[in-house]
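Shown next, in structure tokens, is the structure this report addresses.
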Amino acid sequence: MNITPQQNRILRLGAGIIILIYLLLTFFFGNFLSEARHGSLTMHAYQLTLKNLKTVYPPKKQDFTEVKVGTYLENIHNLSIANSSFSADLYVWFSWKGAKELDPGETFQVAGGTIDAKELSSEHHLADGRNYQRYKLRITMNKVFDIRRLSLEDHLIRIFIEDKKHDAATMRYVPDENSAIAPKIHIPGFTVTGFDEVAKPHEYKSTFSSPNAEGLSRVFSEYTLAIAIHRPGFGFYLKIFLPFFLSVVLGLMVLTTTPDMVDLRMGLAGAAFFGVMANTYVISALVPPESGTFGLLDILNIISLFSVILIVAGGLIAHKLEVKNHHNDFIVAFDRMLLYTIGMGYLTLSIVLPLCAYSF
């Protein structure tokens, strides 16, 4: 191949610049996804710990009743990341010793959600002062999902139970060690990796103008059931990624043609560009509208569009050189340089990013 030393330097410089850009993108986006993964797992652990808890129960000024709260989760359904919600079927029970008029089963609520159905399954009030109530619930919870690693992510979905009448000066929840989740729980696209429960104070930054309130806020006892879920494997990610990958491959085919085939080149490049954009519109339905969160799906879109634009720009440069100078050997080498550097750069990103995002 007849290429001058100057042309060879141009090719090396171009290859170096493109490789450097892809390495910087790999480092930046890989680090972003690694931090998102680490931050998500840390936050999940933090949300269930009582360490560093800023809100505390008020000083004991009167006797309060401890109420044991237990749950048995039967099923989770209608989990929708786009709608920021999920539904659940569960049993919840309360046991306490003291006045049956406390009636926590009548006054509890699901904080951050709604009770769609509530049925009293069992109730006992014994002569020794022990009391027991069990309810069957169907609820819908609001949940803002972390979508930065969507398609390779973990979530902690939580159900909050709180009394709407009795504050912490009157009643405090204690988790029941008999709580459990059904082994048959099936959430499409996810596996359940564990559950935990905790009861802790929940402060409202208002007294609600209550005549018996003290201070500037009111504190209630809140029981939390948390279920950890994980998206197993790379199957869902591949379904999202493959259309992007095939669009870029279609674009790379431009560089295997000769510069004089300008119509074919522009046709393939245009198809690659619109393929990326079409897949972007499809995956946008997976996230809440106007979520404002930057994540893995946006990164796939950016690197795919960037690669296609590089291909189009390279094709135009090659065509211009062919029209003006007819440096056929240099044009062939130029196309080959773009094909290898863009192809390897995009492939490297495609391998590194999911590995950085996924929690094994």
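In the structure tokens, chains take letters A, B, ... by order of appearance, with residues numbered from 1 within each chain and ligands from 1 in the order shown.
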
Can you tell me, as a PDB file with N, CA and C atoms, in the first residue's frame, what residues are no more than 8 Å from range 33-38 of chain A when counting only C-alpha atoms, ignoring any on the same chain fewer than 6 positions away?
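Saved result, part.pdb, follows:
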ATOM      1  N   ARG A 148     -30.119   4.481  37.826  1.00  0.00           N
ATOM      2  CA  ARG A 148     -28.807   4.745  37.232  1.00  0.00           C
ATOM      3  C   ARG A 148     -28.213   3.492  36.603  1.00  0.00           C
ATOM      4  N   ARG A 149     -28.499   2.324  37.160  1.00  0.00           N
ATOM      5  CA  ARG A 149     -27.962   1.067  36.618  1.00  0.00           C
ATOM      6  C   ARG A 149     -29.078   0.204  36.039  1.00  0.00           C
ATOM      7  N   GLU A 153     -29.513  -3.764  37.865  1.00  0.00           N
ATOM      8  CA  GLU A 153     -29.566  -3.083  39.156  1.00  0.00           C
ATOM      9  C   GLU A 153     -30.088  -3.950  40.296  1.00  0.00           C
ATOM     10  N   GLY A 295     -28.068   7.672  33.650  1.00  0.00           N
ATOM     11  CA  GLY A 295     -27.676   6.324  34.005  1.00  0.00           C
ATOM     12  C   GLY A 295     -27.180   5.507  32.836  1.00  0.00           C
ATOM     13  N   LEU A 296     -27.167   4.192  33.031  1.00  0.00           N
ATOM     14  CA  LEU A 296     -26.612   3.261  32.048  1.00  0.00           C
ATOM     15  C   LEU A 296     -27.307   3.373  30.695  1.00  0.00           C
ATOM     16  N   LEU A 353     -18.590  -1.488  30.774  1.00  0.00           N
ATOM     17  CA  LEU A 353     -19.706  -0.816  31.462  1.00  0.00           C
ATOM     18  C   LEU A 353     -20.608  -1.771  32.224  1.00  0.00           C
ATOM     19  N   CYS A 356     -18.938  -2.989  35.373  1.00  0.00           N
ATOM     20  CA  CYS A 356     -18.869  -1.980  36.427  1.00  0.00           C
ATOM     21  C   CYS A 356     -20.214  -1.785  37.119  1.00  0.00           C
ATOM     22  N   ALA A 357     -21.290  -1.973  36.368  1.00  0.00           N
ATOM     23  CA  ALA A 357     -22.633  -1.725  36.913  1.00  0.00           C
ATOM     24  C   ALA A 357     -23.214  -2.896  37.670  1.00  0.00           C
ATOM     25  N   TYR A 358     -22.801  -4.106  37.321  1.00  0.00           N
ATOM     26  CA  TYR A 358     -23.484  -5.302  37.828  1.00  0.00           C
ATOM     27  C   TYR A 358     -22.929  -5.717  39.189  1.00  0.00           C
ATOM     28  N   SER A 359     -23.843  -6.099  40.081  1.00  0.00           N
ATOM     29  CA  SER A 359     -23.457  -6.611  41.396  1.00  0.00           C
ATOM     30  C   SER A 359     -23.491  -8.134  41.354  1.00  0.00           C
TER      31      SER A 359
END

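Omitting Ala99 in chain A and its sequence neighbours fewer than 4 positions away, and counting only C-alpha atoms, the residues within 10 Å are A:Thr65, A:Asp103, A:His125, A:Gly129, A:Arg130, A:Asn131.
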
For CA of Ser291 in chain A and CA of Leu25 in chain A, determine how far apart the two atoms are, in Å to one decimal place.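 Atom-to-atom, CA of Ser291 in chain A to CA of Leu25 in chain A, that is 23.4 Å.
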
Contacts of range 107-116 of chain A within 10 Å, only C-alpha atoms, excl. fewer than 4 positions in-chain, as a PDB file with N, CA and C atoms, in the first residue's frame:
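And here is the file that came out, around.pdb:
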ATOM      1  N   SER A  85     -43.927   2.496  41.440  1.00  0.00           N
ATOM      2  CA  SER A  85     -44.851   1.878  42.389  1.00  0.00           C
ATOM      3  C   SER A  85     -44.758   0.361  42.331  1.00  0.00           C
ATOM      4  N   PHE A  86     -45.296  -0.285  43.367  1.00  0.00           N
ATOM      5  CA  PHE A  86     -45.466  -1.734  43.372  1.00  0.00           C
ATOM      6  C   PHE A  86     -46.619  -2.058  44.306  1.00  0.00           C
ATOM      7  N   SER A  87     -47.181  -3.242  44.149  1.00  0.00           N
ATOM      8  CA  SER A  87     -48.266  -3.708  45.007  1.00  0.00           C
ATOM      9  C   SER A  87     -47.823  -4.977  45.733  1.00  0.00           C
ATOM     10  N   ALA A  88     -48.478  -5.258  46.835  1.00  0.00           N
ATOM     11  CA  ALA A  88     -48.097  -6.423  47.634  1.00  0.00           C
ATOM     12  C   ALA A  88     -49.309  -6.980  48.360  1.00  0.00           C
ATOM     13  N   ASP A  89     -49.288  -8.291  48.569  1.00  0.00           N
ATOM     14  CA  ASP A  89     -50.254  -8.983  49.416  1.00  0.00           C
ATOM     15  C   ASP A  89     -49.495  -9.484  50.643  1.00  0.00           C
ATOM     16  N   LEU A 102     -56.538  -0.106  72.976  1.00  0.00           N
ATOM     17  CA  LEU A 102     -55.461   0.481  72.167  1.00  0.00           C
ATOM     18  C   LEU A 102     -55.713   0.224  70.690  1.00  0.00           C
ATOM     19  N   ASP A 103     -56.139  -0.996  70.366  1.00  0.00           N
ATOM     20  CA  ASP A 103     -56.624  -1.370  69.036  1.00  0.00           C
ATOM     21  C   ASP A 103     -55.703  -0.894  67.902  1.00  0.00           C
ATOM     22  N   LEU A 137     -53.837  -7.901  54.000  1.00  0.00           N
ATOM     23  CA  LEU A 137     -53.799  -6.619  53.289  1.00  0.00           C
ATOM     24  C   LEU A 137     -53.430  -6.803  51.827  1.00  0.00           C
ATOM     25  N   ARG A 138     -53.944  -5.920  51.019  1.00  0.00           N
ATOM     26  CA  ARG A 138     -53.420  -5.676  49.673  1.00  0.00           C
ATOM     27  C   ARG A 138     -53.110  -4.190  49.609  1.00  0.00           C
ATOM     28  N   ILE A 139     -51.866  -3.859  49.317  1.00  0.00           N
ATOM     29  CA  ILE A 139     -51.433  -2.471  49.363  1.00  0.00           C
ATOM     30  C   ILE A 139     -50.748  -2.072  48.063  1.00  0.00           C
ATOM     31  N   THR A 140     -50.666  -0.780  47.839  1.00  0.00           N
ATOM     32  CA  THR A 140     -49.891  -0.210  46.742  1.00  0.00           C
ATOM     33  C   THR A 140     -48.945   0.813  47.340  1.00  0.00           C
ATOM     34  N   MET A 141     -47.658   0.654  47.073  1.00  0.00           N
ATOM     35  CA  MET A 141     -46.638   1.537  47.632  1.00  0.00           C
ATOM     36  C   MET A 141     -46.031   2.410  46.544  1.00  0.00           C
ATOM     37  N   ASN A 142     -45.751   3.652  46.895  1.00  0.00           N
ATOM     38  CA  ASN A 142     -44.976   4.524  46.028  1.00  0.00           C
ATOM     39  C   ASN A 142     -43.495   4.269  46.277  1.00  0.00           C
ATOM     40  N   LYS A 143     -42.744   4.145  45.225  1.00  0.00           N
ATOM     41  CA  LYS A 143     -41.319   3.835  45.364  1.00  0.00           C
ATOM     42  C   LYS A 143     -40.536   4.511  44.247  1.00  0.00           C
ATOM     43  N   ARG A 158     -39.520  -1.231  50.211  1.00  0.00           N
ATOM     44  CA  ARG A 158     -39.878  -1.184  51.625  1.00  0.00           C
ATOM     45  C   ARG A 158     -41.364  -0.901  51.808  1.00  0.00           C
ATOM     46  N   ILE A 159     -41.899  -1.486  52.859  1.00  0.00           N
ATOM     47  CA  ILE A 159     -43.284  -1.271  53.272  1.00  0.00           C
ATOM     48  C   ILE A 159     -43.244  -0.662  54.668  1.00  0.00           C
ATOM     49  N   PHE A 160     -43.870   0.495  54.836  1.00  0.00           N
ATOM     50  CA  PHE A 160     -43.842   1.221  56.099  1.00  0.00           C
ATOM     51  C   PHE A 160     -45.212   1.130  56.773  1.00  0.00           C
ATOM     52  N   ILE A 161     -45.209   0.682  58.004  1.00  0.00           N
ATOM     53  CA  ILE A 161     -46.439   0.610  58.796  1.00  0.00           C
ATOM     54  C   ILE A 161     -46.285   1.542  59.991  1.00  0.00           C
ATOM     55  N   GLU A 162     -47.287   2.390  60.182  1.00  0.00           N
ATOM     56  CA  GLU A 162     -47.220   3.405  61.226  1.00  0.00           C
ATOM     57  C   GLU A 162     -48.612   3.663  61.772  1.00  0.00           C
ATOM     58  N   ASP A 163     -48.695   3.966  63.058  1.00  0.00           N
ATOM     59  CA  ASP A 163     -49.987   4.271  63.650  1.00  0.00           C
ATOM     60  C   ASP A 163     -50.339   5.723  63.363  1.00  0.00           C
ATOM     61  N   LYS A 164     -51.556   5.956  62.947  1.00  0.00           N
ATOM     62  CA  LYS A 164     -51.970   7.316  62.607  1.00  0.00           C
ATOM     63  C   LYS A 164     -52.601   8.062  63.774  1.00  0.00           C
ATOM     64  N   LYS A 165     -52.762   7.381  64.903  1.00  0.00           N
ATOM     65  CA  LYS A 165     -53.391   8.004  66.072  1.00  0.00           C
ATOM     66  C   LYS A 165     -52.425   8.131  67.239  1.00  0.00           C
ATOM     67  N   HIS A 166     -51.754   7.045  67.582  1.00  0.00           N
ATOM     68  CA  HIS A 166     -50.917   7.017  68.775  1.00  0.00           C
ATOM     69  C   HIS A 166     -49.472   7.355  68.419  1.00  0.00           C
ATOM     70  N   GLU A 222     -42.380   3.645  63.712  1.00  0.00           N
ATOM     71  CA  GLU A 222     -42.585   3.154  62.349  1.00  0.00           C
ATOM     72  C   GLU A 222     -41.929   1.791  62.181  1.00  0.00           C
ATOM     73  N   TYR A 223     -42.691   0.847  61.675  1.00  0.00           N
ATOM     74  CA  TYR A 223     -42.186  -0.487  61.360  1.00  0.00           C
ATOM     75  C   TYR A 223     -41.919  -0.562  59.863  1.00  0.00           C
ATOM     76  N   THR A 224     -40.755  -1.089  59.509  1.00  0.00           N
ATOM     77  CA  THR A 224     -40.375  -1.185  58.102  1.00  0.00           C
ATOM     78  C   THR A 224     -40.057  -2.631  57.748  1.00  0.00           C
TER      79      THR A 224
END

Restricting the calculation to only C-alpha atoms, which member of A:Asn8, A:Pro259, A:Val312, A:Gly70 is positioned closest to Lys324 in chain A?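 Distance minimum relative to Lys324 in chain A lands on A:Pro259.
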
Give the answer as one residue: which of A:Leu246, A:Leu156, A:Ala82, A:Leu238 has the shortest atom-to-atom distance to Leu41 in chain A, using only C-alpha atoms? A:Leu156

What gap, in Å, lies between CA of Ser217 in chain A and CA of Lys205 in chain A? 4.8 Å

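Once Asn178 in chain A and its same-chain neighbours fewer than 3 positions away are set aside, Val69, Gly70, Thr71, Tyr72 and Pro175 of chain A remain within 10 Å of it when counting only C-alpha atoms.
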
Could you please write out, as an NGL selection string, every residue of range 1-215 of chain A that DSSP assigns to helix (DSSP H, G or I)? :A and (5-47 or 100-102 or 104-107)

Got time to write the residues from that selection, N, CA and C atoms, as a compact mmCIF listing (two decimals), in the first residue's frame?
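The file below, result_1.txt, is the result:
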# COMPACT_ATOMS: atom_id res chain seq x y z
N PRO A 5 5.07 8.94 4.45
CA PRO A 5 5.31 9.08 5.90
C PRO A 5 4.38 10.10 6.56
N GLN A 6 4.10 11.19 5.87
CA GLN A 6 3.19 12.20 6.43
C GLN A 6 1.78 11.62 6.61
N GLN A 7 1.32 10.90 5.59
CA GLN A 7 0.00 10.28 5.69
C GLN A 7 -0.04 9.24 6.82
N ASN A 8 1.07 8.51 6.99
CA ASN A 8 1.14 7.53 8.06
C ASN A 8 1.05 8.20 9.42
N ARG A 9 1.73 9.36 9.57
CA ARG A 9 1.65 10.10 10.83
C ARG A 9 0.23 10.58 11.09
N ILE A 10 -0.45 11.00 10.03
CA ILE A 10 -1.85 11.45 10.18
C ILE A 10 -2.72 10.29 10.66
N LEU A 11 -2.51 9.14 10.09
CA LEU A 11 -3.30 7.97 10.50
C LEU A 11 -3.03 7.60 11.96
N ARG A 12 -1.74 7.63 12.34
CA ARG A 12 -1.39 7.31 13.72
C ARG A 12 -1.98 8.32 14.70
N LEU A 13 -1.91 9.60 14.32
CA LEU A 13 -2.45 10.65 15.18
C LEU A 13 -3.98 10.48 15.32
N GLY A 14 -4.65 10.23 14.21
CA GLY A 14 -6.10 10.03 14.25
C GLY A 14 -6.48 8.83 15.11
N ALA A 15 -5.74 7.73 14.93
CA ALA A 15 -6.02 6.53 15.72
C ALA A 15 -5.78 6.79 17.21
N GLY A 16 -4.70 7.52 17.52
CA GLY A 16 -4.40 7.82 18.91
C GLY A 16 -5.48 8.66 19.57
N ILE A 17 -5.96 9.67 18.82
CA ILE A 17 -7.01 10.54 19.36
C ILE A 17 -8.29 9.75 19.63
N ILE A 18 -8.69 8.92 18.69
CA ILE A 18 -9.92 8.14 18.85
C ILE A 18 -9.79 7.16 20.01
N ILE A 19 -8.64 6.47 20.08
CA ILE A 19 -8.43 5.53 21.18
C ILE A 19 -8.45 6.24 22.53
N LEU A 20 -7.82 7.42 22.58
CA LEU A 20 -7.80 8.19 23.83
C LEU A 20 -9.21 8.59 24.25
N ILE A 21 -10.01 9.01 23.29
CA ILE A 21 -11.40 9.40 23.60
C ILE A 21 -12.17 8.23 24.19
N TYR A 22 -12.05 7.07 23.55
CA TYR A 22 -12.77 5.89 24.06
C TYR A 22 -12.25 5.45 25.43
N LEU A 23 -10.93 5.58 25.65
CA LEU A 23 -10.39 5.23 26.96
C LEU A 23 -10.91 6.17 28.04
N LEU A 24 -10.99 7.47 27.71
CA LEU A 24 -11.53 8.44 28.67
C LEU A 24 -12.99 8.18 28.95
N LEU A 25 -13.76 7.85 27.90
CA LEU A 25 -15.17 7.53 28.10
C LEU A 25 -15.32 6.27 28.96
N THR A 26 -14.46 5.28 28.69
CA THR A 26 -14.52 4.04 29.47
C THR A 26 -14.22 4.31 30.94
N PHE A 27 -13.20 5.09 31.20
CA PHE A 27 -12.82 5.39 32.58
C PHE A 27 -13.92 6.21 33.27
N PHE A 28 -14.40 7.25 32.60
CA PHE A 28 -15.39 8.15 33.22
C PHE A 28 -16.70 7.43 33.50
N PHE A 29 -17.25 6.77 32.48
CA PHE A 29 -18.54 6.11 32.65
C PHE A 29 -18.42 4.86 33.53
N GLY A 30 -17.30 4.14 33.41
CA GLY A 30 -17.09 2.97 34.26
C GLY A 30 -17.01 3.36 35.72
N ASN A 31 -16.28 4.45 36.01
CA ASN A 31 -16.19 4.93 37.38
C ASN A 31 -17.54 5.40 37.89
N PHE A 32 -18.31 6.08 37.04
CA PHE A 32 -19.65 6.54 37.42
C PHE A 32 -20.55 5.37 37.80
N LEU A 33 -20.54 4.31 37.00
CA LEU A 33 -21.40 3.17 37.28
C LEU A 33 -20.91 2.38 38.50
N SER A 34 -19.60 2.30 38.69
CA SER A 34 -19.07 1.62 39.87
C SER A 34 -19.47 2.35 41.14
N GLU A 35 -19.39 3.68 41.12
CA GLU A 35 -19.79 4.47 42.27
C GLU A 35 -21.30 4.35 42.51
N ALA A 36 -22.08 4.30 41.43
CA ALA A 36 -23.53 4.15 41.57
C ALA A 36 -23.86 2.80 42.21
N ARG A 37 -23.15 1.75 41.79
CA ARG A 37 -23.36 0.42 42.37
C ARG A 37 -22.99 0.41 43.84
N HIS A 38 -21.83 0.94 44.17
CA HIS A 38 -21.38 0.96 45.56
C HIS A 38 -22.32 1.82 46.41
N GLY A 39 -22.71 2.97 45.88
CA GLY A 39 -23.60 3.85 46.63
C GLY A 39 -24.95 3.24 46.87
N SER A 40 -25.46 2.50 45.89
CA SER A 40 -26.76 1.86 46.04
C SER A 40 -26.71 0.79 47.12
N LEU A 41 -25.70 -0.05 47.10
CA LEU A 41 -25.59 -1.11 48.11
C LEU A 41 -25.37 -0.53 49.51
N THR A 42 -24.58 0.53 49.60
CA THR A 42 -24.35 1.18 50.88
C THR A 42 -25.63 1.80 51.42
N MET A 43 -26.39 2.44 50.55
CA MET A 43 -27.65 3.06 50.96
C MET A 43 -28.66 2.02 51.42
N HIS A 44 -28.71 0.88 50.75
CA HIS A 44 -29.62 -0.18 51.16
C HIS A 44 -29.30 -0.65 52.58
N ALA A 45 -28.02 -0.81 52.86
CA ALA A 45 -27.63 -1.24 54.21
C ALA A 45 -27.91 -0.15 55.23
N TYR A 46 -27.69 1.10 54.85
CA TYR A 46 -27.89 2.22 55.78
C TYR A 46 -29.36 2.41 56.12
N GLN A 47 -30.24 2.17 55.17
CA GLN A 47 -31.65 2.40 55.40
C GLN A 47 -32.26 1.47 56.43
N LYS A 100 -57.17 -3.54 75.65
CA LYS A 100 -57.53 -3.90 74.28
C LYS A 100 -58.02 -2.70 73.50
N GLU A 101 -58.42 -1.63 74.23
CA GLU A 101 -58.89 -0.42 73.55
C GLU A 101 -57.79 0.28 72.77
N LEU A 102 -56.54 -0.11 72.98
CA LEU A 102 -55.46 0.48 72.17
C LEU A 102 -55.71 0.22 70.69
N PRO A 104 -54.44 -1.33 67.89
CA PRO A 104 -53.52 -0.85 66.84
C PRO A 104 -53.92 -1.30 65.44
N GLY A 105 -54.67 -2.40 65.33
CA GLY A 105 -55.09 -2.84 64.02
C GLY A 105 -56.08 -1.90 63.36
N GLU A 106 -56.78 -1.15 64.16
CA GLU A 106 -57.76 -0.20 63.62
C GLU A 106 -57.11 1.12 63.23
N THR A 107 -56.01 1.46 63.90
CA THR A 107 -55.44 2.80 63.69
C THR A 107 -54.15 2.82 62.89

DSSP says strand (DSSP E) for which residues of range 32-184 of chain A? Put them as number ranges by chain? A: 65-80, 85-97, 108-111, 113-125, 130-142, 154-163, 171-175, 180-181

Restricting to only C-alpha atoms, whichever of A:Val249, A:Leu79, A:Val56, A:Met171 is closest to Phe94 in chain A is A:Met171

Taking 2 positions as the minimum chain separation for residues in the same chain, which residues sit within 12 Å of His186 in chain A when counting only C-alpha atoms? Answer as an mmCIF file with N, CA and C atoms, in the first residue's frame.
data_model
loop_
_atom_site.group_PDB
_atom_site.id
_atom_site.type_symbol
_atom_site.label_atom_id
_atom_site.label_comp_id
_atom_site.auth_asym_id
_atom_site.auth_seq_id
_atom_site.Cartn_x
_atom_site.Cartn_y
_atom_site.Cartn_z
ATOM 1 N N LEU A 73 -45.116 -11.782 54.040
ATOM 2 C CA LEU A 73 -45.310 -11.279 52.684
ATOM 3 C C LEU A 73 -45.633 -12.431 51.751
ATOM 4 N N GLU A 74 -46.804 -12.385 51.129
ATOM 5 C CA GLU A 74 -47.234 -13.461 50.233
ATOM 6 C C GLU A 74 -46.795 -13.238 48.798
ATOM 7 N N ASN A 75 -46.871 -11.994 48.344
ATOM 8 C CA ASN A 75 -46.575 -11.765 46.928
ATOM 9 C C ASN A 75 -46.311 -10.284 46.684
ATOM 10 N N ILE A 76 -45.506 -10.018 45.674
ATOM 11 C CA ILE A 76 -45.292 -8.664 45.157
ATOM 12 C C ILE A 76 -45.667 -8.680 43.689
ATOM 13 N N HIS A 77 -46.495 -7.742 43.282
ATOM 14 C CA HIS A 77 -46.935 -7.723 41.888
ATOM 15 C C HIS A 77 -47.057 -6.280 41.415
ATOM 16 N N ASN A 78 -47.214 -6.143 40.119
ATOM 17 C CA ASN A 78 -47.346 -4.826 39.480
ATOM 18 C C ASN A 78 -46.169 -3.912 39.809
ATOM 19 N N LEU A 79 -44.982 -4.490 39.954
ATOM 20 C CA LEU A 79 -43.810 -3.651 40.179
ATOM 21 C C LEU A 79 -43.487 -2.911 38.884
ATOM 22 N N ALA A 88 -48.478 -5.258 46.835
ATOM 23 C CA ALA A 88 -48.097 -6.423 47.634
ATOM 24 C C ALA A 88 -49.309 -6.980 48.360
ATOM 25 N N ILE A 181 -41.180 -14.206 54.640
ATOM 26 C CA ILE A 181 -41.715 -14.004 53.294
ATOM 27 C C ILE A 181 -41.953 -15.366 52.659
ATOM 28 N N ALA A 182 -42.944 -15.442 51.801
ATOM 29 C CA ALA A 182 -43.292 -16.712 51.170
ATOM 30 C C ALA A 182 -42.220 -17.109 50.156
ATOM 31 N N PRO A 183 -41.821 -18.373 50.142
ATOM 32 C CA PRO A 183 -40.810 -18.809 49.163
ATOM 33 C C PRO A 183 -41.310 -18.758 47.726
ATOM 34 N N LYS A 184 -42.626 -18.684 47.528
ATOM 35 C CA LYS A 184 -43.175 -18.694 46.173
ATOM 36 C C LYS A 184 -43.199 -17.311 45.524
ATOM 37 N N PRO A 188 -41.354 -10.710 38.181
ATOM 38 C CA PRO A 188 -40.779 -10.839 36.841
ATOM 39 C C PRO A 188 -39.542 -9.965 36.658
ATOM 40 N N GLY A 189 -38.457 -10.606 36.236
ATOM 41 C CA GLY A 189 -37.212 -9.888 35.993
ATOM 42 C C GLY A 189 -36.297 -9.786 37.191
ATOM 43 N N PHE A 190 -36.763 -10.195 38.378
ATOM 44 C CA PHE A 190 -35.955 -10.051 39.582
ATOM 45 C C PHE A 190 -35.977 -11.341 40.405
ATOM 46 N N THR A 191 -34.976 -11.471 41.249
ATOM 47 C CA THR A 191 -34.985 -12.515 42.270
ATOM 48 C C THR A 191 -34.932 -11.834 43.637
ATOM 49 N N VAL A 192 -35.612 -12.427 44.607
ATOM 50 C CA VAL A 192 -35.589 -11.908 45.967
ATOM 51 C C VAL A 192 -34.358 -12.476 46.663
ATOM 52 N N THR A 193 -33.511 -11.611 47.168
ATOM 53 C CA THR A 193 -32.257 -12.042 47.777
ATOM 54 C C THR A 193 -32.282 -11.975 49.298
ATOM 55 N N ILE A 229 -34.156 -7.058 46.238
ATOM 56 C CA ILE A 229 -34.334 -7.753 44.968
ATOM 57 C C ILE A 229 -33.168 -7.429 44.045
ATOM 58 N N HIS A 230 -32.880 -8.367 43.173
ATOM 59 C CA HIS A 230 -31.699 -8.273 42.309
ATOM 60 C C HIS A 230 -32.074 -8.771 40.923
#

For Tyr346 in chain A, list every protein, DNA or RNA residue within 8 Å, evaluated using only C-alpha atoms, and leave out those in the same chain fewer than 4 positions away; present the list as JSON, numbers by chain. {"A": [22, 303, 304, 307, 342, 350]}

Suppose we keep N, CA and C atoms; can you now write the selection as an mmCIF file, in the first residue's frame?
data_model
loop_
_atom_site.group_PDB
_atom_site.id
_atom_site.type_symbol
_atom_site.label_atom_id
_atom_site.label_comp_id
_atom_site.auth_asym_id
_atom_site.auth_seq_id
_atom_site.Cartn_x
_atom_site.Cartn_y
_atom_site.Cartn_z
ATOM 1 N N TYR A 22 -12.046 7.069 23.554
ATOM 2 C CA TYR A 22 -12.773 5.895 24.056
ATOM 3 C C TYR A 22 -12.246 5.455 25.425
ATOM 4 N N ILE A 303 -22.793 6.729 23.803
ATOM 5 C CA ILE A 303 -21.643 6.126 23.132
ATOM 6 C C ILE A 303 -22.028 5.575 21.761
ATOM 7 N N SER A 304 -23.271 5.136 21.602
ATOM 8 C CA SER A 304 -23.704 4.637 20.293
ATOM 9 C C SER A 304 -23.839 5.782 19.304
ATOM 10 N N SER A 307 -20.368 7.028 18.360
ATOM 11 C CA SER A 307 -19.686 6.130 17.419
ATOM 12 C C SER A 307 -20.234 6.300 16.008
ATOM 13 N N ILE A 342 -12.742 2.551 16.093
ATOM 14 C CA ILE A 342 -14.121 2.742 16.569
ATOM 15 C C ILE A 342 -14.699 1.410 17.022
ATOM 16 N N SER A 350 -18.549 -1.593 25.681
ATOM 17 C CA SER A 350 -19.677 -2.514 25.818
ATOM 18 C C SER A 350 -19.395 -3.634 26.811
#

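The shortest atom-to-atom distance to Met344 in chain A, with only C-alpha atoms taken into account, belongs to A:Leu252 out of A:Asn83, A:Leu252, A:Lys118, A:Leu152.
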
Gly251 in chain A surroundings by only C-alpha atoms, 7 Å radius, close-in-sequence under 3 positions cut, as number ranges by chain: A: 247-248, 254, 268-269, 272, 308, 311

Write out the residues from the selection above, keeping C-alpha atoms, as a PDB file, in the first residue's frame.
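Result file is selection.pdb:
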ATOM      1  CA  SER A 247     -26.887  -0.169  14.754  1.00  0.00           C
ATOM      2  CA  VAL A 248     -23.219   0.625  15.323  1.00  0.00           C
ATOM      3  CA  VAL A 254     -19.911   2.049   5.839  1.00  0.00           C
ATOM      4  CA  LEU A 268     -26.087   2.868   5.893  1.00  0.00           C
ATOM      5  CA  ALA A 269     -25.018   5.720   8.171  1.00  0.00           C
ATOM      6  CA  ALA A 272     -27.488   3.316  11.875  1.00  0.00           C
ATOM      7  CA  VAL A 308     -22.152   6.584  14.558  1.00  0.00           C
ATOM      8  CA  ILE A 311     -18.339   6.952  11.335  1.00  0.00           C
TER       9      ILE A 311
END

Nearest residue to Ser179 in chain A from the set A:Gly98, A:Lys68, A:Val262, A:Leu150 (distances using only C-alpha atoms): A:Lys68
